[in-house]
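The structure under discussion appears below in the form of structure tokens.
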Amino acid sequence: MMMDRAMGDGVGKRTPPITPTAQGKRTPPTTPTAADRERVARTSKLLWHAKENDLEQLKKLLRDHPDLATACDYDGRTALHVAACYGRTDAARLLLEAGAIVNAQDRWGTSPLGDAEQTGNSQMIRLLKDYGGELLGTRGSKREGSGPSVGPLLIQKSYWEIDPSEIDLNTSILIGKGSFGEIRKVTWRGTPVAVKTILPSLVKDRLVVQDFIHEVDLLVKLRHPNIVQFLGAVTKRPPLMLVTEFLSGGDLNQFLQSKGALQLSQAISSALDIARGMAYLHNGPNVIIHRDLKPRNVLLDEANQMKVGDFGLSKLITKHHHQDIYKLTGETGSYRYMAPEVFRHESYDKNVDIFSFAMILYEMLEGYPPFPYSEPYEAARLVADDERRPTFSVKNCPQEMIELIEQCWATKAASRPSFVDIIKRLEQMEATLPPEPRHWRFLHHS
Ligand SMILES: Nc1ncnc2c1ncn2[C@@H]1O[C@H](COP(=O)(O)OP(=O)(O)OP(=O)(O)O)[C@@H](O)[C@H]1O
């Protein structure tokens, strides 16, 4: 889910030490400033009203906050991008008159005209060109990890299309709620599977559904023991559904809540599982950036083998419906594990996943999340603005493990190691574990 878990989970084992550590004092809890929240909320509102073509609300917002015309969201999307994408010509004109930047580029390098060209709305195209709009980027074409570029809008029936009559939601068991919708355990063709129903509000328009279909087309072809297997999807009529293998061991967040800090051998083996799944996603013909790697998105099978899930689709949300998600959850992402460049709205690449991986590895070793006394947003701000990193309190952690984690959460994304490199280093550490018992003792090990 978009919301991070509440702090101080009520699980004693995961309560971190309050005393200062050798590396430094823990920061007392602080909250995001009211100004930060208001700014994000205002931008979100502006984007929303642009999508709804609500001229009155747009005018009011722009009158009260004239600088909002150039504001952008988490993905660099301005209200003009949104208006262009949804063909809201009146809203676009109003924004342009209020000073919107006609060639603002979003995270994928796309300008509003790039968005308008995709929809073929000639009135919008003309308007943007009149204001000097240039065709920069097109949806899906510039971003790393986008998979194949978004092709023709007419999609043929796919081999993975599932007939909704084969899925009986009435006999299903609700197992979780995420930012897309609900996850249910369902029996499909005699096998337990996980079905993610996509919130209708996210798929109201054709473009999102087309993106969704292209993405599923890519995801069902992926095969790796450490990624959750996509099996198919229902895309022909609402509710849209995504069907994946069912993992009976729950997620890593739940696992850590019940176990506390992992033994070194188990932390290494779990980290290897995650790193192998991620190396596969990062090195395929279509580079896939997860963007939301966090303990909740790592699932366990009955043998406690870890599999990375929930990849590939987050960009559809952030690109088209960030404002919806904001409205739904009040949050724009999983801040606690977020790379600083994402928090700072800078351009990013697959190294954001390496950063999140470091935070997860830290959590597995320590038994509690990074900056546990801070709200998720504040935790991300500490990382991005104050260049703070979590401190180690775990005893006897090999120096090479600490070095690995520190390199993975380096501020400079380019200096973080790749997952292939991480795997090699974890395998070396694994090979040097004492044979019996194959772990070091930790201060906080349960
Ligand atoms: N394939 C699966 N098998 C078993 N349980 C699953 C599966 N997929 C998800 N779950 C459970 O459902 C929960 C919610 O999953 P979902 O991916 O919708 O949300 P999330 O990851 O918490 O949030 P977000 O979508 O915002 O990242 C997970 O944390 C996990 O416990």
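All residue names refer to the structure tokens as shown: chains lettered A, B, ... in order, residues numbered from 1 in each chain, ligands numbered from 1 in order.
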Quick one: residues within 8 Å of ligand 1, with only C-alpha atoms and all ligand atoms, as a ChimeraX atom specification? /A:1-3,175-185,193-196,228,244-251,253-254,292,294,296-299,309-310,314,333-334
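For region 201-300 of chain A, a DSSP pass over the backbone yields strand (DSSP E) at Phe230, Leu231, Gly232, Ala233, Val234, Met241, Leu242, Val243, Thr244, Glu245, Val298, Leu299 and Leu300 of chain A.
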Expressed in Å to a single decimal, how great is the separation between CA of Tyr335 (chain A) and CA of Glu387 (chain A)?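 Answer for the CA of Tyr335 (chain A) to CA of Glu387 (chain A) separation: 14.8 Å.
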Run DSSP on the backbone and grab whatever in region 221-293 of chain A lands in helix (DSSP H, G or I); send it over as an MDAnalysis selection string. chainID A and resid 252:259 264:283
Write a file of the selected residues as a PDB file, in the first residue's frame, keeping C-alpha atoms.
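Output (again_7.pdb):
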```
ATOM      1  CA  LEU A 252       8.755  -9.426   4.125  1.00  0.00           C
ATOM      2  CA  ASN A 253       7.215  -6.692   6.255  1.00  0.00           C
ATOM      3  CA  GLN A 254       5.024  -9.230   8.036  1.00  0.00           C
ATOM      4  CA  PHE A 255       7.964 -11.652   8.240  1.00  0.00           C
ATOM      5  CA  LEU A 256      10.216  -9.089   9.917  1.00  0.00           C
ATOM      6  CA  GLN A 257       7.450  -8.040  12.264  1.00  0.00           C
ATOM      7  CA  SER A 258       7.159 -11.569  13.564  1.00  0.00           C
ATOM      8  CA  LYS A 259      10.868 -12.457  13.484  1.00  0.00           C
ATOM      9  CA  LEU A 264      23.297 -12.922   9.203  1.00  0.00           C
ATOM     10  CA  SER A 265      23.063 -16.109   7.150  1.00  0.00           C
ATOM     11  CA  GLN A 266      19.340 -15.623   6.632  1.00  0.00           C
ATOM     12  CA  ALA A 267      19.724 -11.937   5.860  1.00  0.00           C
ATOM     13  CA  ILE A 268      22.365 -12.748   3.232  1.00  0.00           C
ATOM     14  CA  SER A 269      20.299 -15.482   1.669  1.00  0.00           C
ATOM     15  CA  SER A 270      17.177 -13.275   1.595  1.00  0.00           C
ATOM     16  CA  ALA A 271      19.174 -10.365   0.192  1.00  0.00           C
ATOM     17  CA  LEU A 272      20.523 -12.689  -2.493  1.00  0.00           C
ATOM     18  CA  ASP A 273      16.987 -13.705  -3.434  1.00  0.00           C
ATOM     19  CA  ILE A 274      15.926 -10.091  -3.796  1.00  0.00           C
ATOM     20  CA  ALA A 275      19.111  -9.072  -5.622  1.00  0.00           C
ATOM     21  CA  ARG A 276      18.777 -11.965  -8.094  1.00  0.00           C
ATOM     22  CA  GLY A 277      15.183 -11.069  -8.878  1.00  0.00           C
ATOM     23  CA  MET A 278      16.146  -7.425  -9.289  1.00  0.00           C
ATOM     24  CA  ALA A 279      19.212  -8.224 -11.425  1.00  0.00           C
ATOM     25  CA  TYR A 280      16.874 -10.082 -13.762  1.00  0.00           C
ATOM     26  CA  LEU A 281      14.539  -7.088 -13.995  1.00  0.00           C
ATOM     27  CA  HIS A 282      17.394  -4.626 -14.491  1.00  0.00           C
ATOM     28  CA  ASN A 283      19.250  -6.605 -17.128  1.00  0.00           C
TER      29      ASN A 283
END
```
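You can rank A:Ile173, A:Cys72, A:His65, A:Val234 by their closest distance to Arg344 (chain A) using only C-alpha atoms, and at the top of that list sits A:Cys72.
Proximity to Tyr373 (chain A) was assessed for A:Lys395, A:Lys350, A:Arg336, A:Lys59 counting only C-alpha atoms; the smallest distance is recorded for A:Arg336.
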Residue among A:Gln210, A:Ser122, A:Ser356, A:Thr391 lying closest to Pro372 (chain A), counting only C-alpha atoms: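 Using only C-alpha atoms, Pro372 (chain A) sits closest to A:Thr391.
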Closest of A:Val216, A:Glu161, A:Pro398, A:Pro225 to Leu426 (chain A) - atom-to-atom distances counting only C-alpha atoms: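 Using only C-alpha atoms, Leu426 (chain A) sits closest to A:Pro398.
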Region 77-91 of chain A surroundings by only C-alpha atoms, 6 Å radius, close-in-sequence under 2 positions cut, as a list in words: Leu47, Ala50, Lys51, Asn53, Ala71, Cys72, Asp73, Asp75, Arg93, Leu94, Asp106, Pro112, Asp115, Ala116 and Met124 of chain A
